[in-house]
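Okay, entry-v5.txt now, which holds compact mmCIF, C-alpha atoms:
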```
# COMPACT_ATOMS: atom_id res chain seq x y z
CA MET A 29 -2.70 7.39 38.20
CA THR A 30 0.16 7.79 35.75
CA VAL A 31 -0.06 10.22 32.89
CA GLU A 32 3.22 9.48 31.20
CA GLN A 33 2.03 10.65 27.85
CA PHE A 34 1.13 14.22 28.87
CA PRO A 35 2.55 16.05 25.84
CA ILE A 36 4.54 19.23 26.39
CA GLY A 37 6.31 21.65 24.07
CA VAL A 38 9.44 23.56 25.04
CA LEU A 39 10.34 27.00 23.65
CA ILE A 40 13.99 27.98 23.65
CA SER A 41 16.30 30.66 22.29
CA GLY A 42 19.71 29.51 23.47
CA ARG A 43 21.66 26.67 24.91
CA GLY A 44 18.58 25.05 26.43
CA SER A 45 20.01 23.78 29.70
CA ASN A 46 16.55 23.80 31.26
CA LEU A 47 15.29 21.79 28.28
CA GLN A 48 18.05 19.31 29.01
CA ALA A 49 17.01 19.18 32.66
CA ILE A 50 13.43 18.34 31.61
CA LEU A 51 14.60 15.69 29.14
CA ASP A 52 16.86 14.11 31.77
CA ALA A 53 14.11 14.15 34.39
CA THR A 54 11.61 12.54 32.01
CA GLU A 55 14.14 9.83 31.14
CA ARG A 56 14.65 9.13 34.84
CA GLY A 57 10.88 8.77 35.16
CA GLU A 58 10.59 11.77 37.48
CA VAL A 59 8.24 13.72 35.24
CA ALA A 60 4.92 12.33 34.05
CA ALA A 61 5.21 14.12 30.73
CA ARG A 62 6.83 13.77 27.34
CA VAL A 63 8.50 16.50 25.27
CA VAL A 64 6.84 16.22 21.84
CA ALA A 65 8.16 19.45 20.30
CA VAL A 66 11.00 21.89 20.78
CA ILE A 67 10.60 25.25 19.16
CA SER A 68 13.07 28.07 18.76
CA ASN A 69 12.97 31.60 17.39
CA ARG A 70 16.71 31.34 16.70
CA GLU A 71 18.28 28.88 14.27
CA ASP A 72 21.55 28.74 16.20
CA ALA A 73 19.96 27.73 19.50
CA PHE A 74 22.05 24.81 20.76
CA GLY A 75 19.00 23.38 22.50
CA LEU A 76 17.71 22.32 19.07
CA GLU A 77 20.57 19.83 18.88
CA ARG A 78 19.74 18.44 22.30
CA ALA A 79 16.22 17.70 21.08
CA ARG A 80 17.28 16.18 17.76
CA CYS A 81 19.76 13.90 19.55
CA ARG A 82 16.78 12.32 21.25
CA GLY A 83 14.61 12.16 18.16
CA ILE A 84 12.33 14.98 19.29
CA PRO A 85 11.03 17.28 16.54
CA ALA A 86 12.86 20.59 16.73
CA VAL A 87 11.51 23.42 14.62
CA THR A 88 12.81 26.93 14.08
CA PHE A 89 10.62 29.93 13.37
CA PRO A 90 13.02 32.75 12.46
CA ARG A 91 11.74 36.26 12.97
CA ARG A 92 12.67 37.28 9.40
CA ASP A 93 10.18 34.78 7.95
CA TYR A 94 7.24 36.69 9.42
CA ALA A 95 5.94 40.22 9.03
CA THR A 96 5.29 40.58 12.76
CA ARG A 97 6.28 38.88 15.99
CA GLN A 98 2.59 38.14 16.45
CA GLU A 99 2.51 36.17 13.17
CA GLN A 100 5.72 34.41 14.13
CA GLN A 101 4.24 33.30 17.45
CA ALA A 102 0.94 32.35 15.79
CA ALA A 103 2.93 29.93 13.60
CA MET A 104 4.61 28.52 16.72
CA ALA A 105 1.22 28.10 18.37
CA ALA A 106 -0.15 26.27 15.34
CA GLU A 107 2.81 23.89 15.34
CA LEU A 108 2.41 23.20 19.06
CA GLN A 109 -1.31 22.55 18.66
CA ARG A 110 -0.69 20.30 15.68
CA ARG A 111 1.51 18.13 17.91
CA GLY A 112 -1.12 17.94 20.62
CA VAL A 113 0.85 19.94 23.19
CA ARG A 114 -1.05 20.55 26.42
CA LEU A 115 1.59 22.56 28.24
CA VAL A 116 4.10 25.03 26.80
CA VAL A 117 7.31 25.47 28.78
CA LEU A 118 9.47 28.54 28.21
CA ALA A 119 13.06 27.55 28.86
CA GLY A 120 15.22 30.53 28.09
CA PHE A 121 12.85 31.83 25.41
CA ASP A 122 13.80 35.46 24.85
CA GLN A 123 10.62 36.86 23.33
CA VAL A 124 7.73 38.41 25.21
CA VAL A 125 4.80 36.03 24.78
CA GLY A 126 1.95 37.69 22.92
CA THR A 127 -1.73 37.02 22.59
CA ALA A 128 -1.36 34.48 19.76
CA LEU A 129 0.35 32.01 22.10
CA LEU A 130 -1.58 33.05 25.19
CA ARG A 131 -4.97 32.52 23.54
CA SER A 132 -3.94 29.19 22.03
CA PHE A 133 -2.73 27.90 25.41
CA PRO A 134 -4.81 29.57 28.11
CA ASN A 135 -3.28 28.99 31.56
CA ALA A 136 -1.01 26.44 29.95
CA ILE A 137 2.24 28.33 29.43
CA ILE A 138 4.85 28.38 32.17
CA ASN A 139 8.17 30.15 32.53
CA VAL A 140 11.15 29.97 34.86
CA HIS A 141 12.66 33.24 36.05
CA PRO A 142 16.00 33.62 37.87
CA SER A 143 14.76 35.55 40.92
CA LEU A 144 12.21 35.29 43.68
CA LEU A 145 9.42 37.19 41.98
CA PRO A 146 8.05 39.82 42.45
CA ALA A 147 11.63 40.94 43.15
CA PHE A 148 13.75 41.62 40.06
CA GLY A 149 11.12 40.83 37.48
CA GLY A 150 10.55 42.47 34.15
CA GLY A 151 14.13 42.48 32.92
CA LEU A 152 16.74 40.21 31.43
CA HIS A 153 19.34 40.74 34.15
CA ALA A 154 17.64 39.60 37.35
CA GLN A 155 20.85 38.16 38.81
CA ARG A 156 22.80 41.39 38.19
CA GLU A 157 19.95 43.43 39.71
CA ALA A 158 19.88 41.18 42.77
CA LEU A 159 23.62 41.63 43.28
CA ASP A 160 23.42 45.39 42.78
CA HIS A 161 20.58 45.62 45.29
CA GLY A 162 22.67 43.72 47.80
CA VAL A 163 20.19 40.97 48.64
CA LYS A 164 21.45 37.98 50.65
CA VAL A 165 18.81 35.59 49.33
CA SER A 166 17.63 35.25 45.75
CA GLY A 167 16.29 32.24 43.91
CA CYS A 168 14.08 31.19 41.06
CA THR A 169 10.39 31.15 40.23
CA VAL A 170 8.25 28.96 37.99
CA HIS A 171 5.08 30.82 37.11
CA PHE A 172 2.21 30.81 34.66
CA VAL A 173 2.70 33.27 31.85
CA SER A 174 0.20 36.09 31.57
CA GLN A 175 0.11 39.28 29.57
CA ASP A 176 2.08 41.10 32.25
CA VAL A 177 5.71 40.01 32.04
CA ASP A 178 6.90 37.95 35.04
CA ALA A 179 3.65 38.62 36.89
CA GLY A 180 1.54 35.50 36.38
CA PRO A 181 0.54 33.16 39.23
CA ILE A 182 3.52 31.54 40.96
CA ILE A 183 3.68 27.74 40.93
CA LEU A 184 6.97 27.03 42.69
CA GLN A 185 9.84 29.05 44.11
CA ALA A 186 13.18 28.09 45.57
CA ALA A 187 15.58 30.24 47.57
CA VAL A 188 19.27 30.46 46.75
CA GLU A 189 21.94 32.00 48.95
CA VAL A 190 23.79 35.07 47.65
CA ARG A 191 27.42 35.13 48.78
CA ASP A 192 29.53 38.20 49.44
CA ASP A 193 32.04 37.19 46.77
CA ASP A 194 29.45 36.33 44.14
CA THR A 195 29.80 37.58 40.60
CA GLU A 196 26.90 37.73 38.17
CA GLU A 197 28.21 34.47 36.70
CA SER A 198 28.61 32.57 39.96
CA LEU A 199 25.18 33.62 41.20
CA SER A 200 23.58 32.84 37.84
CA ASN A 201 25.11 29.36 37.87
CA ARG A 202 23.89 28.65 41.41
CA ILE A 203 20.37 29.78 40.53
CA LEU A 204 20.39 27.86 37.23
CA ALA A 205 21.30 24.64 39.04
CA ARG A 206 18.23 25.15 41.21
CA GLU A 207 16.05 25.92 38.16
CA HIS A 208 17.05 22.55 36.73
CA ARG A 209 15.27 20.83 39.61
CA LEU A 210 12.37 23.26 40.01
CA LEU A 211 11.14 23.39 36.42
CA PRO A 212 10.79 19.59 35.88
CA ARG A 213 9.00 19.40 39.24
CA ALA A 214 6.49 22.05 38.10
CA VAL A 215 5.93 20.21 34.82
CA ASP A 216 5.29 16.99 36.70
CA LEU A 217 2.77 18.63 39.05
CA ILE A 218 0.85 20.09 36.11
CA ALA A 219 1.00 16.81 34.15
CA ARG A 220 -0.46 15.02 37.17
CA ASN A 221 -3.25 17.61 37.39
CA ARG A 222 -2.18 18.59 40.88
CA VAL A 223 -2.04 22.35 40.19
CA ARG A 224 -5.05 24.59 40.76
CA VAL A 225 -5.07 28.36 40.23
CA GLU A 226 -7.26 30.51 42.49
CA GLY A 227 -6.85 34.15 41.60
CA ARG A 228 -3.18 34.89 42.13
CA ARG A 229 -2.58 31.85 44.32
CA VAL A 230 -1.57 28.45 43.01
CA LEU A 231 -2.54 25.48 45.16
CA ILE A 232 -0.78 22.14 44.89
CA ALA A 233 -2.94 19.10 45.61
CA PRO A 234 -1.37 16.35 47.74
CA ASN A 235 0.13 13.38 45.96
CA GLN A 236 -2.61 10.75 45.47
CA ASP A 237 -0.26 7.93 44.54
CA MET B 11 38.37 39.52 70.61
CA THR B 12 35.28 39.83 72.73
CA VAL B 13 33.32 43.05 72.85
CA GLU B 14 30.71 42.09 75.37
CA GLN B 15 30.06 45.62 76.44
CA PHE B 16 29.03 46.95 73.02
CA PRO B 17 26.02 49.02 74.12
CA ILE B 18 22.82 48.87 72.10
CA GLY B 19 19.42 50.51 72.41
CA VAL B 20 16.18 48.87 71.31
CA LEU B 21 13.14 50.79 70.07
CA ILE B 22 9.76 49.11 70.39
CA SER B 23 6.08 49.90 70.05
CA GLY B 24 4.43 46.64 71.05
CA ARG B 25 4.98 43.27 72.62
CA GLY B 26 8.69 43.28 71.90
CA SER B 27 9.24 39.64 71.01
CA ASN B 28 12.33 40.56 69.02
CA LEU B 29 13.60 42.48 72.03
CA GLN B 30 13.10 39.31 74.05
CA ALA B 31 15.02 37.33 71.45
CA ILE B 32 17.95 39.75 71.73
CA LEU B 33 17.88 39.65 75.53
CA ASP B 34 17.77 35.84 75.53
CA ALA B 35 20.61 35.61 73.00
CA THR B 36 22.78 38.02 75.01
CA GLU B 37 22.14 36.01 78.17
CA ARG B 38 23.19 32.84 76.38
CA GLY B 39 26.38 34.62 75.37
CA GLU B 40 25.55 34.44 71.66
CA VAL B 41 25.62 38.20 71.12
CA ALA B 42 28.63 40.35 71.97
CA ALA B 43 26.45 43.26 72.99
CA ARG B 44 24.45 44.54 75.92
CA VAL B 45 21.02 46.20 75.83
CA VAL B 46 21.47 49.42 77.84
CA ALA B 47 18.19 51.12 76.96
CA VAL B 48 14.74 50.20 75.73
CA ILE B 49 12.66 53.02 74.33
CA SER B 50 9.03 53.08 73.29
CA ASN B 51 6.72 55.61 71.72
CA ARG B 52 3.81 53.84 73.42
CA GLU B 53 3.30 53.58 77.16
CA ASP B 54 1.40 50.29 76.88
CA ALA B 55 4.13 48.48 74.97
CA PHE B 56 4.54 45.15 76.75
CA GLY B 57 8.21 45.07 75.77
CA LEU B 58 8.85 47.74 78.42
CA GLU B 59 8.01 45.16 81.08
CA ARG B 60 10.40 42.66 79.56
CA ALA B 61 13.19 45.21 79.90
CA ARG B 62 12.30 46.26 83.44
CA CYS B 63 12.20 42.62 84.56
CA ARG B 64 15.87 42.45 83.70
CA GLY B 65 16.77 45.77 85.26
CA ILE B 66 17.22 47.51 81.91
CA PRO B 67 16.14 51.17 81.78
CA ALA B 68 12.89 51.40 79.83
CA VAL B 69 11.73 54.85 78.87
CA THR B 70 8.56 56.00 77.14
CA PHE B 71 8.34 59.04 74.90
CA PRO B 72 4.63 59.51 74.18
CA ARG B 73 3.75 61.39 71.06
CA ARG B 74 1.47 63.79 72.93
CA ASP B 75 4.40 65.15 74.96
CA TYR B 76 5.98 66.63 71.84
CA ALA B 77 4.86 69.17 69.27
CA THR B 78 6.19 67.11 66.37
CA ARG B 79 7.33 63.56 65.71
CA GLN B 80 10.71 65.04 64.90
CA GLU B 81 10.98 66.52 68.41
CA GLN B 82 9.79 63.25 69.90
CA GLN B 83 12.49 61.31 68.08
CA ALA B 84 15.11 63.95 68.93
CA ALA B 85 14.33 63.29 72.60
CA MET B 86 14.73 59.55 72.01
CA ALA B 87 18.05 60.16 70.27
CA ALA B 88 19.29 62.28 73.17
CA GLU B 89 18.38 59.55 75.65
CA LEU B 90 20.12 56.90 73.56
CA GLN B 91 23.25 59.01 73.25
CA ARG B 92 23.22 59.77 76.97
CA ARG B 93 23.39 56.03 77.63
CA GLY B 94 26.28 55.57 75.23
CA VAL B 95 24.34 53.51 72.70
CA ARG B 96 26.39 52.62 69.61
CA LEU B 97 23.71 50.70 67.73
CA VAL B 98 19.97 51.32 67.64
CA VAL B 99 17.79 48.30 66.92
CA LEU B 100 14.21 48.77 65.73
CA ALA B 101 12.20 45.83 67.00
CA GLY B 102 8.60 46.42 66.03
CA PHE B 103 8.94 50.19 66.24
CA ASP B 104 5.97 51.59 64.34
CA GLN B 105 7.19 55.08 63.47
CA VAL B 106 9.07 56.10 60.35
CA VAL B 107 12.57 57.05 61.48
CA GLY B 108 13.28 60.71 60.76
CA THR B 109 16.42 62.75 60.43
CA ALA B 110 16.79 63.41 64.18
CA LEU B 111 17.53 59.76 64.84
CA LEU B 112 19.29 59.14 61.51
CA ARG B 113 21.75 62.02 62.04
CA SER B 114 22.43 61.04 65.65
CA PHE B 115 23.20 57.44 64.66
CA PRO B 116 24.59 57.47 61.12
CA ASN B 117 24.73 53.94 59.69
CA ALA B 118 23.99 52.66 63.17
CA ILE B 119 20.25 51.98 63.08
CA ILE B 120 18.98 48.58 61.97
CA ASN B 121 15.50 47.19 61.41
CA VAL B 122 13.98 43.79 60.83
CA HIS B 123 11.27 43.50 58.17
CA PRO B 124 9.00 40.47 57.65
CA SER B 125 9.70 39.89 53.95
CA LEU B 126 12.59 39.30 51.60
CA LEU B 127 13.18 42.91 50.61
CA PRO B 128 12.87 44.51 48.09
CA ALA B 129 9.67 42.44 47.83
CA PHE B 130 6.77 43.66 49.98
CA GLY B 131 8.52 46.64 51.49
CA GLY B 132 7.07 50.00 52.40
CA GLY B 133 3.97 48.80 54.19
CA LEU B 134 2.85 47.38 57.51
CA HIS B 135 1.30 44.22 56.05
CA ALA B 136 4.15 42.46 54.27
CA GLN B 137 2.93 38.99 55.21
CA ARG B 138 -0.59 39.70 53.91
CA GLU B 139 0.85 41.14 50.69
CA ALA B 140 3.05 38.08 50.23
CA LEU B 141 0.05 35.77 50.62
CA ASP B 142 -2.08 37.86 48.28
CA HIS B 143 0.68 37.82 45.67
CA GLY B 144 0.86 34.04 45.93
CA VAL B 145 4.59 33.70 46.60
CA LYS B 146 5.89 30.31 47.71
CA VAL B 147 8.92 31.71 49.51
CA SER B 148 9.02 34.73 51.76
CA GLY B 149 11.26 35.50 54.71
CA CYS B 150 12.77 38.32 56.71
CA THR B 151 15.39 40.98 56.24
CA VAL B 152 17.66 42.83 58.67
CA HIS B 153 18.80 46.07 57.06
CA PHE B 154 20.33 49.42 57.87
CA VAL B 155 17.74 52.15 58.17
CA SER B 156 17.97 54.99 55.68
CA GLN B 157 15.65 57.80 54.73
CA ASP B 158 13.86 55.59 52.25
CA VAL B 159 11.63 53.19 54.16
CA ASP B 160 12.72 49.53 53.94
CA ALA B 161 15.36 50.38 51.35
CA GLY B 162 18.65 50.61 53.28
CA PRO B 163 21.57 48.19 52.75
CA ILE B 164 20.66 44.58 53.58
CA ILE B 165 22.71 42.89 56.31
CA LEU B 166 21.08 39.46 56.55
CA GLN B 167 18.11 37.69 55.00
CA ALA B 168 16.50 34.34 55.63
CA ALA B 169 13.99 32.50 53.48
CA VAL B 170 10.78 31.05 54.91
CA GLU B 171 8.46 28.64 53.13
CA VAL B 172 4.91 29.80 52.37
CA ARG B 173 2.40 26.96 52.59
CA ASP B 174 -0.81 26.61 50.62
CA ASP B 175 -2.91 26.62 53.78
CA ASP B 176 -1.15 29.57 55.39
CA THR B 177 -3.14 32.37 56.94
CA GLU B 178 -1.67 35.78 57.62
CA GLU B 179 -1.21 34.67 61.22
CA SER B 180 0.47 31.34 60.53
CA LEU B 181 2.87 32.89 58.01
CA SER B 182 3.61 35.82 60.34
CA ASN B 183 4.43 33.42 63.16
CA ARG B 184 6.76 31.35 61.00
CA ILE B 185 8.58 34.47 59.79
CA LEU B 186 8.75 35.93 63.31
CA ALA B 187 10.39 32.77 64.63
CA ARG B 188 13.06 33.24 61.97
CA GLU B 189 13.46 36.94 62.84
CA HIS B 190 14.20 35.91 66.42
CA ARG B 191 17.37 34.19 65.23
CA LEU B 192 18.33 36.62 62.45
CA LEU B 193 18.18 39.89 64.40
CA PRO B 194 20.47 38.83 67.29
CA ARG B 195 22.89 37.43 64.73
CA ALA B 196 23.02 40.79 62.93
CA VAL B 197 23.57 42.62 66.23
CA ASP B 198 26.42 40.28 67.05
CA LEU B 199 28.09 40.80 63.67
CA ILE B 200 27.92 44.58 64.06
CA ALA B 201 29.12 44.45 67.67
CA ARG B 202 32.12 42.41 66.51
CA ASN B 203 32.84 44.96 63.79
CA ARG B 204 32.42 42.34 61.10
CA VAL B 205 29.99 44.35 58.96
CA ARG B 206 31.19 46.65 56.18
CA VAL B 207 28.90 48.64 53.88
CA GLU B 208 29.99 49.25 50.28
CA GLY B 209 27.33 51.20 48.44
CA ARG B 210 24.24 49.03 48.60
CA ARG B 211 26.14 45.85 49.43
CA VAL B 212 26.93 44.74 52.96
CA LEU B 213 29.98 42.52 53.35
CA ILE B 214 30.46 40.26 56.36
CA ALA B 215 34.06 39.69 57.41
CA PRO B 216 35.01 36.10 58.36
CA ASN B 217 35.04 35.21 62.03
CA GLN B 218 38.50 35.99 63.43
CA ASP B 219 38.06 34.03 66.66
```
Any chance you could give the structure as structure tokens?
Amino acid sequence: MTVEQFPIGVLISGRGSNLQAILDATERGEVAARVVAVISNREDAFGLERARCRGIPAVTFPRRDYATRQEQQAAMAAELQRRGVRLVVLAGFDQVVGTALLRSFPNAIINVHPSLLPAFGGGLHAQREALDHGVKVSGCTVHFVSQDVDAGPIILQAAVEVRDDDTEESLSNRILAREHRLLPRAVDLIARNRVRVEGRRVLIAPNQD
Amino acid sequence: MTVEQFPIGVLISGRGSNLQAILDATERGEVAARVVAVISNREDAFGLERARCRGIPAVTFPRRDYATRQEQQAAMAAELQRRGVRLVVLAGFDQVVGTALLRSFPNAIINVHPSLLPAFGGGLHAQREALDHGVKVSGCTVHFVSQDVDAGPIILQAAVEVRDDDTEESLSNRILAREHRLLPRAVDLIARNRVRVEGRRVLIAPNQD
């Protein structure tokens, strides 16, 4: 079974390197999905350019245009639904996801976090926290988004070595490189309907191809 | 530089498979240390037999022989010091280490924990907690023992895959097999004076051989 048309939307706030990784993986035929919308809360997000270069609709919803963050995200949700999105991928999206998005896409929003959750969750500086704690192994996590930040069911994780001479930048880069492989893989598994959630555990069905 | 006579003591409460791993690694010449004492708080700890089979003094300090756990551990500390121990290795030792031992061996007590700390620390069922949380990567940690349980500076960590069909037993076995390589390696690094603690971070000096 191929499901090449599984439509996904990607939410970004910055440079969008994970968006690029998804776009590249879909072009290589490694991901049975298609990015049909890129949405940003920031007009200067470079990831918007990446999308437009490929002819993918890229829409900005600036915070100042809405009375509340909730209304802002409700507008994003409406746009995503209008485009038939079945999975929302957070790729460096810097807002906490509220009920407007969560209710519009139940169990269909995923995020990538630069640590092995539950370690170093809940903040914006997971790599710095990992270094300060002195861990020797960190990594990245792709998880479903729930109301509790960084606490939804875990789909995939990958370990990354922490070196004695690491800086926040060098560790962040090593983890990011791993995210670029992990996130497209998670999207592909979901697009192929191979992901099942049982309580907190996520089970991956074997490849039927 | 070889330091084959670096004397270590091992504290156990049960079967002592990590003790066995250290003994095997020292016999193979992989660890520049020698186990000079095995101590247990339980008389039925099978690890005592493993030590005696190799002619290593194995001494039991039953809780009932002492008014307090503190006095019990003070007696252990005295025995370890009498044998010239320079590093104390907790290998399935089921008591919280109190000040009597900590003050007798400052920065010279290490423990192995079956998770990637700081995740799933503080309890006796780290593998069960990891499964219940739904992580895809767990592992083990060798760390210095401090007054805060499972929170001392981390010396080495290793990642272990968590599989969808894992039980507590299968995951525990996979992690334990990894502990059996990680703990002797940490002992060797300390025996060779290659480990330096800076705040929470532990730095490993390059091999000078």
Could you please select, counting all atoms listed in the file, the residues of chain A within 12 Å of chain B and state them as a PyMOL selection string?
chain A and resi 143-149+157-172+179-194+223-234
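Between atom CA of Phe103 of chain B and atom CA of Ala42 of chain B lies a distance of 22.7 Å.
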Hey, can you check how far atom CA of Val41 of chain B sits from atom CA of Gln15 of chain B?
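Atom CA of Gln15 of chain B lies at a distance of 10.2 Å from atom CA of Val41 of chain B.
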Proximity to Phe71 of chain B - best of B:Val99, B:Glu40, B:Ser23, B:Val45, all atoms listed in the file:
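Smallest distance to Phe71 of chain B is found for B:Ser23.
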Quick check, in Å to one decimal: how far apart do atom CA of Leu97 of chain B and atom CA of Leu134 of chain B lie?
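Separating atom CA of Leu97 of chain B from atom CA of Leu134 of chain B is a distance of 23.5 Å.
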Restricting the calculation to all atoms listed in the file: of A:Ala106, A:Ala53, A:Ala65, A:Ala73, which residue gets closest to Pro85 of chain A?
A:Ala65
Restricting the calculation to all atoms listed in the file: of B:Asn28, B:Asp160, B:Arg52, B:Ala201, which residue gets closest to Leu186 of chain B?
B:Asn28
Can you tell me, as a list of chain:residue names, what residues are no more than 7 Å from Ala136 of chain A when counting only C-alpha atoms, ignoring any on the same chain fewer than 2 positions away?
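Near Ala136 of chain A, the qualifying residues are A:Arg114, A:Leu115, A:Val116, A:Phe133, A:Pro134, A:Ile138.
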Counting only C-alpha atoms, closest pick from A:Glu196, A:Glu207, A:Glu55, A:Asp216 relative to Ala119 of chain A is A:Glu207
Closest to Ile119 of chain B among B:Leu58, B:Val20, B:Ala85, B:Ile185, using all atoms listed in the file?
B:Val20
Show which residues sit within 9 Å of segment 59-64 of chain B, as JSON, numbers by chain. Count all atoms listed in the file, and ignore same-chain residues fewer than 2 positions away.
{"B": [25, 26, 29, 30, 33, 45, 47, 48, 55, 56, 57, 66, 67, 68]}
